[in-house]
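Structure file run.csv with CSV, C-alpha atoms:
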chain,number,residue,atom,x,y,z
A,1,MET,CA,46.4,-13.2,12.4
A,2,SER,CA,44.0,-13.0,15.3
A,3,LEU,CA,40.3,-13.2,15.1
A,4,ALA,CA,38.2,-10.1,14.7
A,5,THR,CA,39.6,-7.3,16.8
A,6,ARG,CA,37.8,-4.3,15.5
A,7,GLU,CA,34.1,-3.5,15.3
A,8,ARG,CA,33.0,-1.8,12.2
A,9,THR,CA,31.7,1.7,13.2
A,10,GLN,CA,27.9,1.4,13.0
A,11,THR,CA,25.5,4.3,12.8
A,12,PRO,CA,24.4,4.6,16.4
A,13,ALA,CA,20.8,3.4,15.9
A,14,PRO,CA,18.4,3.0,13.0
A,15,ALA,CA,16.6,6.2,12.2
A,16,GLY,CA,13.2,5.2,13.4
A,17,GLY,CA,11.1,8.2,12.6
A,18,LEU,CA,7.4,9.0,12.6
A,19,GLU,CA,6.5,5.7,10.9
A,20,LEU,CA,8.0,3.7,13.7
A,21,TRP,CA,6.3,5.6,16.4
A,22,THR,CA,2.9,5.7,14.8
A,23,TRP,CA,3.1,2.0,14.1
A,24,PHE,CA,4.0,1.4,17.8
A,25,PHE,CA,1.2,3.8,18.9
A,26,MET,CA,-1.3,1.8,16.9
A,27,ARG,CA,-0.3,-1.4,18.7
A,28,ILE,CA,-0.5,0.0,22.2
A,29,SER,CA,-3.6,2.2,21.7
A,30,GLY,CA,-5.3,-0.8,20.0
A,31,ILE,CA,-4.8,-3.0,23.1
A,32,VAL,CA,-5.8,-0.2,25.5
A,33,LEU,CA,-8.9,0.6,23.4
A,34,VAL,CA,-10.1,-3.1,23.5
A,35,PHE,CA,-10.3,-2.9,27.3
A,36,LEU,CA,-11.7,0.7,27.5
A,37,VAL,CA,-14.4,0.1,24.8
A,38,LEU,CA,-15.5,-3.4,26.1
A,39,GLY,CA,-15.5,-2.0,29.7
A,40,HIS,CA,-17.6,1.0,28.5
A,41,PHE,CA,-20.1,-1.3,26.7
A,42,THR,CA,-20.4,-3.7,29.7
A,43,ILE,CA,-20.8,-1.0,32.3
A,44,VAL,CA,-23.1,1.4,30.4
A,45,HIS,CA,-25.0,-0.9,28.1
A,46,LEU,CA,-25.2,-4.3,29.8
A,47,LEU,CA,-25.0,-4.1,33.5
A,48,GLY,CA,-28.1,-3.2,35.7
A,49,GLU,CA,-31.0,-2.0,33.5
A,50,GLY,CA,-28.7,-1.7,30.5
A,51,VAL,CA,-29.0,1.1,28.0
A,52,ASP,CA,-32.5,2.1,29.1
A,53,ARG,CA,-31.3,3.9,32.2
A,54,VAL,CA,-28.9,6.1,30.1
A,55,ASN,CA,-30.3,9.6,30.2
A,56,PHE,CA,-29.0,13.1,31.0
A,57,ALA,CA,-28.9,12.5,34.8
A,58,PHE,CA,-27.0,9.2,34.3
A,59,VAL,CA,-24.3,10.9,32.2
A,60,ALA,CA,-24.2,13.9,34.6
A,61,GLY,CA,-23.7,11.5,37.5
A,62,ARG,CA,-20.9,9.6,35.7
A,63,TRP,CA,-19.0,12.8,34.7
A,64,SER,CA,-19.0,14.1,38.2
A,65,SER,CA,-16.4,11.4,38.9
A,66,PRO,CA,-12.8,12.0,37.8
A,67,LEU,CA,-12.5,8.2,37.1
A,68,TRP,CA,-15.2,8.3,34.4
A,69,GLN,CA,-14.0,11.6,33.0
A,70,THR,CA,-10.5,10.2,32.6
A,71,TRP,CA,-11.9,6.9,31.2
A,72,ASP,CA,-14.1,8.6,28.6
A,73,TRP,CA,-11.4,11.2,27.7
A,74,THR,CA,-8.8,8.5,27.2
A,75,MET,CA,-11.2,6.5,25.0
A,76,LEU,CA,-12.0,9.6,23.0
A,77,THR,CA,-8.4,10.6,22.5
A,78,LEU,CA,-7.0,7.2,21.7
A,79,GLY,CA,-9.9,6.3,19.4
A,80,LEU,CA,-9.6,9.6,17.5
A,81,ILE,CA,-5.9,9.5,17.0
A,82,HIS,CA,-5.9,5.8,16.2
A,83,GLY,CA,-8.7,6.3,13.6
A,84,ALA,CA,-7.1,9.4,12.2
A,85,ASN,CA,-3.7,7.7,11.8
A,86,GLY,CA,-5.5,4.7,10.1
A,87,LEU,CA,-7.0,7.1,7.6
A,88,ARG,CA,-3.6,8.9,7.1
A,89,VAL,CA,-2.1,5.5,6.2
A,90,VAL,CA,-5.0,4.7,3.7
A,91,ILE,CA,-4.5,8.2,2.1
A,92,ASP,CA,-0.7,7.6,1.8
A,93,ASP,CA,-1.3,4.1,0.3
A,94,TYR,CA,-3.9,5.0,-2.3
A,95,VAL,CA,-3.8,8.7,-3.2
A,96,ARG,CA,-1.0,9.1,-5.7
A,97,ARG,CA,-1.3,12.8,-6.6
A,98,ASP,CA,0.8,14.9,-4.2
A,99,GLY,CA,-1.6,17.9,-4.0
A,100,LEU,CA,-4.7,15.8,-3.4
A,101,ARG,CA,-2.9,13.8,-0.8
A,102,ALA,CA,-1.8,16.9,1.1
A,103,ALA,CA,-5.3,18.4,0.9
A,104,LEU,CA,-7.0,15.2,2.2
A,105,LYS,CA,-4.5,14.8,5.0
A,106,SER,CA,-4.8,18.5,6.0
A,107,ALA,CA,-8.6,18.1,6.1
A,108,LEU,CA,-8.2,15.0,8.2
A,109,TYR,CA,-5.9,16.6,10.7
A,110,VAL,CA,-8.1,19.7,11.1
A,111,ALA,CA,-11.3,17.6,11.5
A,112,SER,CA,-9.5,15.4,14.1
A,113,LEU,CA,-8.3,18.3,16.0
A,114,ILE,CA,-11.7,20.0,16.1
A,115,PHE,CA,-13.4,16.8,17.3
A,116,LEU,CA,-10.7,16.3,19.9
A,117,LEU,CA,-11.0,19.8,21.3
A,118,LEU,CA,-14.9,19.6,21.2
A,119,GLY,CA,-14.9,16.3,23.0
A,120,THR,CA,-12.4,17.4,25.6
A,121,LEU,CA,-14.3,20.6,26.2
A,122,ILE,CA,-17.5,18.7,26.8
A,123,ILE,CA,-16.0,16.2,29.2
A,124,VAL,CA,-13.9,18.7,31.1
A,125,ALA,CA,-16.3,21.7,31.2
A,126,PHE,CA,-19.5,19.6,31.6
A,127,ASP,CA,-21.9,21.4,33.9
A,128,PRO,CA,-25.1,19.5,34.8
A,129,ALA,CA,-26.8,22.7,36.0
A,130,LYS,CA,-26.8,24.1,32.5
A,131,GLY,CA,-28.7,21.1,31.1
A,132,SER,CA,-31.7,21.2,33.4
B,1,MET,CA,0.6,-38.4,-26.5
B,2,PRO,CA,-1.5,-36.9,-23.7
B,3,GLY,CA,-1.8,-39.2,-20.7
B,4,PRO,CA,-4.8,-40.0,-18.5
B,5,ALA,CA,-5.1,-36.5,-17.0
B,6,GLY,CA,-3.8,-34.7,-20.1
B,7,GLY,CA,-5.7,-33.3,-23.0
B,8,GLU,CA,-6.0,-29.9,-24.5
B,9,ALA,CA,-5.6,-26.8,-22.4
B,10,THR,CA,-7.2,-23.4,-23.2
B,11,ILE,CA,-4.9,-20.7,-22.3
B,12,ARG,CA,-5.7,-17.0,-22.3
B,13,VAL,CA,-2.7,-14.7,-22.4
B,14,LEU,CA,-2.8,-11.0,-21.8
B,15,ARG,CA,-0.9,-9.6,-24.7
B,16,TYR,CA,0.6,-6.2,-25.1
B,17,ASP,CA,2.7,-4.9,-27.9
B,18,PRO,CA,4.2,-1.4,-27.4
B,19,ASP,CA,5.0,-1.0,-31.1
B,20,ALA,CA,1.4,-1.7,-32.2
B,21,GLY,CA,0.1,0.6,-29.5
B,22,GLY,CA,-3.4,0.3,-28.0
B,23,ALA,CA,-4.5,-1.4,-24.8
B,24,PRO,CA,-3.5,-4.9,-23.7
B,25,ARG,CA,-5.7,-7.6,-25.2
B,26,TRP,CA,-6.5,-11.2,-24.3
B,27,GLN,CA,-5.5,-13.9,-26.8
B,28,THR,CA,-6.7,-17.5,-26.5
B,29,TYR,CA,-4.6,-20.5,-27.5
B,30,ARG,CA,-5.3,-24.2,-27.4
B,31,VAL,CA,-2.4,-26.4,-26.4
B,32,PRO,CA,-2.2,-30.2,-26.0
B,33,TYR,CA,-0.7,-31.1,-22.7
B,34,GLU,CA,0.5,-34.2,-20.8
B,35,PRO,CA,-0.1,-34.8,-17.1
B,36,MET,CA,3.2,-33.5,-15.9
B,37,ASP,CA,3.3,-30.5,-18.2
B,38,ARG,CA,3.6,-27.1,-16.5
B,39,VAL,CA,2.3,-23.7,-17.6
B,40,LEU,CA,5.8,-22.9,-18.8
B,41,ASP,CA,5.6,-26.0,-21.2
B,42,ALA,CA,2.4,-24.6,-22.6
B,43,LEU,CA,4.0,-21.2,-23.2
B,44,HIS,CA,6.9,-22.9,-24.9
B,45,ALA,CA,4.4,-24.8,-27.1
B,46,ILE,CA,2.7,-21.6,-28.0
B,47,LYS,CA,5.9,-19.7,-28.8
B,48,TRP,CA,7.7,-22.5,-30.6
B,49,ARG,CA,4.8,-23.9,-32.6
B,50,ALA,CA,1.9,-21.5,-32.8
B,51,ASP,CA,2.9,-17.9,-32.3
B,52,GLY,CA,6.5,-16.8,-32.2
B,53,THR,CA,5.6,-13.2,-31.2
B,54,LEU,CA,4.7,-14.2,-27.6
B,55,ALA,CA,7.3,-12.7,-25.2
B,56,PHE,CA,8.0,-14.1,-21.7
B,57,ARG,CA,11.0,-14.6,-19.5
B,58,ARG,CA,12.4,-18.0,-18.4
B,59,SER,CA,15.8,-19.2,-17.7
B,60,CYS,CA,16.4,-22.4,-15.7
B,61,GLY,CA,12.8,-23.6,-16.0
B,62,HIS,CA,13.0,-25.4,-12.6
B,63,GLY,CA,12.0,-23.0,-9.9
B,64,ILE,CA,15.5,-21.7,-9.1
B,65,CYS,CA,16.3,-18.7,-11.3
B,66,GLY,CA,13.0,-16.8,-10.6
B,67,SER,CA,12.6,-15.5,-14.2
B,68,ASP,CA,9.1,-16.7,-15.0
B,69,ALA,CA,6.9,-15.2,-12.2
B,70,MET,CA,3.5,-14.3,-13.7
B,71,VAL,CA,-0.1,-14.1,-12.7
B,72,ILE,CA,-1.7,-17.5,-13.4
B,73,ASN,CA,-5.4,-17.8,-12.8
B,74,GLY,CA,-5.2,-14.6,-10.6
B,75,GLN,CA,-2.3,-15.9,-8.4
B,76,ASN,CA,1.3,-14.9,-8.6
B,77,ALA,CA,3.4,-18.0,-9.3
B,78,LEU,CA,6.3,-19.4,-11.3
B,79,ALA,CA,5.1,-20.8,-14.6
B,80,CYS,CA,7.7,-23.6,-14.2
B,81,LYS,CA,6.2,-24.8,-10.9
B,82,VAL,CA,2.5,-24.9,-11.7
B,83,LEU,CA,1.1,-28.0,-13.4
B,84,ILE,CA,-1.6,-27.4,-16.0
B,85,LYS,CA,-3.6,-30.3,-14.7
B,86,ASP,CA,-4.0,-28.6,-11.3
B,87,LEU,CA,-5.6,-25.5,-12.8
B,88,SER,CA,-9.2,-24.7,-13.7
B,89,GLN,CA,-9.7,-23.8,-17.4
B,90,PRO,CA,-9.5,-21.5,-19.2
B,91,ILE,CA,-6.1,-20.7,-17.7
B,92,THR,CA,-5.4,-17.0,-17.6
B,93,VAL,CA,-1.8,-15.8,-17.8
B,94,GLU,CA,-0.9,-12.1,-17.1
B,95,PRO,CA,2.2,-10.2,-16.4
B,96,ILE,CA,3.0,-9.5,-12.7
B,97,ARG,CA,1.3,-6.3,-11.5
B,98,GLY,CA,2.7,-3.0,-10.4
B,99,LEU,CA,5.7,-2.9,-12.8
B,100,PRO,CA,5.7,-1.3,-16.3
B,101,VAL,CA,5.1,-3.9,-19.0
B,102,HIS,CA,7.7,-4.1,-21.8
B,103,LYS,CA,5.8,-6.6,-23.9
B,104,ASP,CA,3.3,-9.4,-23.2
B,105,LEU,CA,4.6,-11.1,-20.0
B,106,VAL,CA,7.9,-9.2,-19.8
B,107,VAL,CA,8.0,-6.4,-17.2
B,108,ASP,CA,10.5,-3.8,-16.3
B,109,MET,CA,12.2,-5.2,-13.2
B,110,GLU,CA,14.4,-2.1,-12.6
B,111,PRO,CA,12.1,-0.5,-9.9
B,112,PHE,CA,12.2,-3.9,-8.1
B,113,PHE,CA,16.0,-4.2,-8.2
B,114,ASP,CA,16.4,-0.5,-7.2
B,115,ALA,CA,14.6,-1.2,-3.9
B,116,TYR,CA,16.6,-4.4,-3.5
B,117,ARG,CA,19.9,-2.6,-3.9
B,118,LYS,CA,19.0,0.1,-1.4
B,119,VAL,CA,19.1,-2.4,1.5
B,120,LEU,CA,22.7,-3.4,0.9
B,121,PRO,CA,22.0,-7.0,0.0
B,122,PHE,CA,25.5,-8.3,0.7
B,123,LEU,CA,27.6,-9.2,3.8
B,124,VAL,CA,29.3,-6.1,5.2
B,125,ASN,CA,32.2,-6.8,7.6
B,126,ASP,CA,35.4,-4.7,7.6
B,127,ASP,CA,36.9,-6.6,10.5
B,128,PRO,CA,40.4,-8.0,9.7
B,129,ALA,CA,39.8,-11.3,7.8
B,130,PRO,CA,40.4,-14.3,10.1
B,131,ASP,CA,42.8,-17.1,9.2
B,132,ARG,CA,39.9,-19.3,8.1
B,133,GLU,CA,36.2,-18.7,7.7
B,134,ARG,CA,34.1,-16.3,9.9
B,135,LEU,CA,32.6,-18.8,12.3
B,136,GLN,CA,28.9,-18.9,13.1
B,137,SER,CA,27.0,-21.3,15.3
B,138,PRO,CA,24.2,-23.4,13.9
B,139,ALA,CA,21.7,-21.4,16.0
B,140,ASP,CA,23.0,-18.1,14.6
B,141,ARG,CA,22.8,-19.6,11.1
B,142,ALA,CA,19.2,-20.8,11.7
B,143,ARG,CA,18.1,-17.3,12.7
B,144,TYR,CA,17.9,-16.1,9.1
B,145,ASP,CA,17.7,-19.5,7.3
B,146,ASP,CA,14.2,-18.8,5.9
B,147,THR,CA,15.1,-15.6,4.1
B,148,THR,CA,18.2,-17.1,2.4
B,149,LYS,CA,15.7,-19.0,0.1
B,150,CYS,CA,14.7,-15.9,-1.9
B,151,ILE,CA,15.3,-16.1,-5.6
B,152,LEU,CA,14.2,-12.5,-6.5
B,153,CYS,CA,11.3,-13.6,-8.7
B,154,ALA,CA,9.2,-10.5,-7.5
B,155,ALA,CA,6.1,-12.7,-7.0
B,156,CYS,CA,5.8,-11.3,-3.4
B,157,THR,CA,6.4,-7.6,-4.2
B,158,THR,CA,4.1,-7.6,-7.2
B,159,SER,CA,1.3,-9.3,-5.1
B,160,CYS,CA,1.3,-6.5,-2.6
B,161,PRO,CA,-1.5,-4.0,-2.8
B,162,VAL,CA,0.6,-1.3,-1.1
B,163,PHE,CA,3.2,-1.7,-3.9
B,164,TRP,CA,0.5,-1.5,-6.5
B,165,GLY,CA,-1.1,1.6,-5.1
B,166,ASP,CA,1.9,3.5,-3.9
B,167,GLY,CA,4.6,2.7,-6.4
B,168,GLN,CA,7.3,3.8,-3.9
B,169,TYR,CA,7.1,1.1,-1.2
B,170,ALA,CA,10.3,-0.9,-1.0
B,171,GLY,CA,8.2,-4.1,-1.2
B,172,PRO,CA,8.4,-7.5,0.5
B,173,ALA,CA,11.4,-8.8,-1.4
B,174,ALA,CA,13.7,-6.0,-0.5
B,175,ILE,CA,12.8,-6.4,3.2
B,176,VAL,CA,13.2,-10.1,3.1
B,177,ASN,CA,16.7,-9.6,1.7
B,178,ALA,CA,17.5,-7.0,4.4
B,179,HIS,CA,16.3,-9.6,7.0
B,180,ARG,CA,18.7,-12.1,5.6
B,181,PHE,CA,21.7,-9.9,6.6
B,182,VAL,CA,20.2,-7.9,9.6
B,183,PHE,CA,20.0,-11.2,11.5
B,184,ASP,CA,23.3,-12.6,10.3
B,185,SER,CA,25.7,-12.5,13.3
B,186,ARG,CA,28.7,-11.9,11.0
B,187,ASP,CA,27.2,-8.7,9.5
B,188,ARG,CA,28.1,-5.2,10.6
B,189,ALA,CA,25.8,-3.0,8.6
B,190,SER,CA,22.4,-3.9,10.0
B,191,ASN,CA,21.8,-0.4,11.4
B,192,GLU,CA,22.3,1.1,7.9
B,193,ARG,CA,19.8,-1.4,6.5
B,194,LEU,CA,17.2,-0.7,9.2
B,195,ALA,CA,17.6,3.0,8.7
B,196,VAL,CA,16.6,2.5,5.1
B,197,LEU,CA,13.7,0.4,6.1
B,198,SER,CA,12.4,2.8,8.8
B,199,ASP,CA,11.8,5.4,6.1
B,200,LYS,CA,8.3,6.2,5.0
B,201,VAL,CA,8.5,3.8,2.1
B,202,GLY,CA,10.1,1.1,4.2
B,203,ALA,CA,8.9,-1.8,6.4
B,204,PHE,CA,6.2,0.2,8.3
B,205,ARG,CA,4.3,0.4,5.0
B,206,CYS,CA,3.5,-3.3,5.4
B,207,ARG,CA,-0.2,-3.7,6.3
B,208,THR,CA,0.1,-7.5,6.9
B,209,VAL,CA,-2.1,-8.4,4.0
B,210,PHE,CA,-0.2,-11.7,3.6
B,211,ASN,CA,-0.5,-11.8,-0.2
B,212,CYS,CA,3.3,-12.0,-0.3
B,213,THR,CA,3.5,-15.1,1.9
B,214,ARG,CA,0.9,-16.8,-0.2
B,215,ALA,CA,2.6,-15.8,-3.5
B,216,CYS,CA,6.2,-16.9,-2.5
B,217,PRO,CA,7.1,-19.9,-4.6
B,218,ARG,CA,9.9,-20.7,-2.1
B,219,ASP,CA,7.5,-20.8,0.9
B,220,ILE,CA,9.3,-18.1,2.7
B,221,HIS,CA,7.3,-16.7,5.6
B,222,VAL,CA,7.6,-13.2,4.1
B,223,THR,CA,5.1,-11.4,6.3
B,224,ARG,CA,6.7,-12.8,9.4
B,225,ALA,CA,10.1,-11.6,8.2
B,226,ILE,CA,8.8,-8.1,7.7
B,227,GLN,CA,7.3,-8.0,11.2
B,228,GLU,CA,10.6,-9.2,12.6
B,229,VAL,CA,12.3,-6.3,10.9
B,230,LYS,CA,9.8,-3.8,12.3
B,231,SER,CA,10.3,-5.3,15.8
B,232,GLU,CA,14.1,-5.1,15.4
B,233,ILE,CA,13.9,-1.4,14.5
B,234,LEU,CA,11.7,-0.8,17.6
B,235,LYS,CA,14.1,-2.8,19.9
B,236,ARG,CA,17.1,-0.8,18.8
B,237,ARG,CA,15.3,2.5,19.5
B,238,VAL,CA,13.9,1.7,23.0
As a first step, turn the structure in this file into structure tokens.
Amino acid sequence: MSLATRERTQTPAPAGGLELWTWFFMRISGIVLVFLVLGHFTIVHLLGEGVDRVNFAFVAGRWSSPLWQTWDWTMLTLGLIHGANGLRVVIDDYVRRDGLRAALKSALYVASLIFLLLGTLIIVAFDPAKGS
Amino acid sequence: MPGPAGGEATIRVLRYDPDAGGAPRWQTYRVPYEPMDRVLDALHAIKWRADGTLAFRRSCGHGICGSDAMVINGQNALACKVLIKDLSQPITVEPIRGLPVHKDLVVDMEPFFDAYRKVLPFLVNDDPAPDRERLQSPADRARYDDTTKCILCAACTTSCPVFWGDGQYAGPAAIVNAHRFVFDSRDRASNERLAVLSDKVGAFRCRTVFNCTRACPRDIHVTRAIQEVKSEILKRRV
């Protein structure tokens, strides 16, 4: 008899669902956030005159640039989703009652969405003229 | 006669009798011991000479069968591998956590073995049988060597806070035993195992607490094995 000639038919790929992708997102967003947050702190809080120069005009100046708008919006979005997913995981781990778990997770998703929309609106629709 | 480091040990056992009802209660025993006596020897001394109602599991008594995992001074361990002289006293002995207690130190292992069975913990290969054995290189064999050492004592799974809290998580031991076959070059069912473990109660539930690695009496790198399973699921999807 010859050696193995037939491969057993495998399922095409393991069914990596939401848990796989949220796990992967946490790794990637975590790495990106380290650079974004440390960069933010260095530029805004340490360089030049440090945090003392941060006022309305300073923020208005920064947000007139697409670079800083993008930087801050990415930091907001990744930070919010990263944190919300962390809380989702804690709720899944430690809340055993189905109803309470569903309620807490719904509240978490609604709050996260509101914060995300508010933050996006402020960064995108920021108009320095209205503040003066 | 007790030797130089021997003496009398004070052992507090968390007792529970379902027939008597009520909450579990601590019972204290004093047991003479010799330098090379283990906690299992002390439990034998209690059961055989002081209190025959004490219930615990043990089989081989030499760290191979995995029957006598219990919480000793707050740490999951095999009673047959822990020397009394190495422990601070009073020594506390409790049943492993996260599984229903039948009596004293005896727990219901069925939820643990249910999770174990779900990952198909056996070699699957429907290829025509070769004339002799299915060959494997030493390097291929080494790939999963660490996870062959599991004795299914449940010390890892019952040290895991996610297993305690959730009650549905497959647990480290099931993932370790999936790892043993997922990385076996002769096996043909790794995708089925990984599909089970990519479920919500599968490998991604691991929070890398490392309790399992610390608890394993066979020194398996349990947390690493779980991360390798996660990476493998990702690799096969991208």
Just want the 8 Å neighbourhood of range 205-208 of chain B, counted on only C-alpha atoms, with same-chain residues fewer than 4 positions away dropped. Output as number ranges by chain.
B: 162, 169, 200-201, 223, 226
Of the candidates A:Trp68, A:Tyr94, A:Phe41, A:Phe25, which one gets nearest to chain B if we count all atoms listed in the file?
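Counting all atoms listed in the file, the residue closest to chain B is A:Tyr94.
Residues in contact with Ala203 in chain B at 10 Å, where all atoms listed in the file are counted and same-chain residues fewer than 2 positions away are skipped, are listed as Glu19 and Leu20 of chain A; Tyr169, Ala170, Gly171, Pro172, Ala174, Ile175, Val176, Leu194, Val196, Leu197, Ser198, Asp199, Lys200, Val201, Arg205, Cys206, Arg207, Ile226, Gln227, Glu228, Val229, Lys230 and Ile233 of chain B.
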At most 6 Å to chain A: residues in chain B, all atoms listed in the file, as a ChimeraX atom specification:
/B:126-128,130,162,165-166,191,194-195,198
Just how far from CA of Leu87 in chain A is CA of Thr74 in chain A, in Å to one decimal?
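Atom-to-atom, CA of Thr74 in chain A to CA of Leu87 in chain A, that is 19.7 Å.
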Please identify all polymer residues within 10 Å of range 49-63 of chain A, counting all atoms listed in the file, omitting same-chain residues fewer than 4 positions from it, and present them as a list in words.
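Surrounding residues, per the criterion: Phe41, Thr42, Ile43, Val44, His45, Leu67, Trp68, Gln69, Thr70, Trp71, Asp72, Ile122, Ile123, Val124, Ala125, Phe126, Asp127, Pro128, Ala129, Gly131 and Ser132 of chain A.
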Of the listed residues B:Val124, B:Lys103, B:Ala225, B:Val209, that which approaches Ala23 in chain B most closely, counting only C-alpha atoms:
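Closest to Ala23 in chain B of all the choices is B:Lys103.
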Pairwise distance for CA of Gly48 in chain A and CA of Thr120 in chain A, rounded to one decimal in Å:
27.8 Å
Could you state the separation of CA of Pro24 in chain B and CA of Ile84 in chain B in Å, given to one decimal place?
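One can read the CA of Pro24 in chain B to CA of Ile84 in chain B distance as 23.9 Å.
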With only C-alpha atoms as the basis for distance, which of B:Asp51, B:Glu94, B:Asp41, B:Asp108 is at the shortest distance from Lys81 in chain B?
B:Asp41
Nearest residue to Thr10 in chain B out of B:Ala79, B:Ala42, B:Ile220, B:Val106, using all atoms listed in the file?
B:Ala42
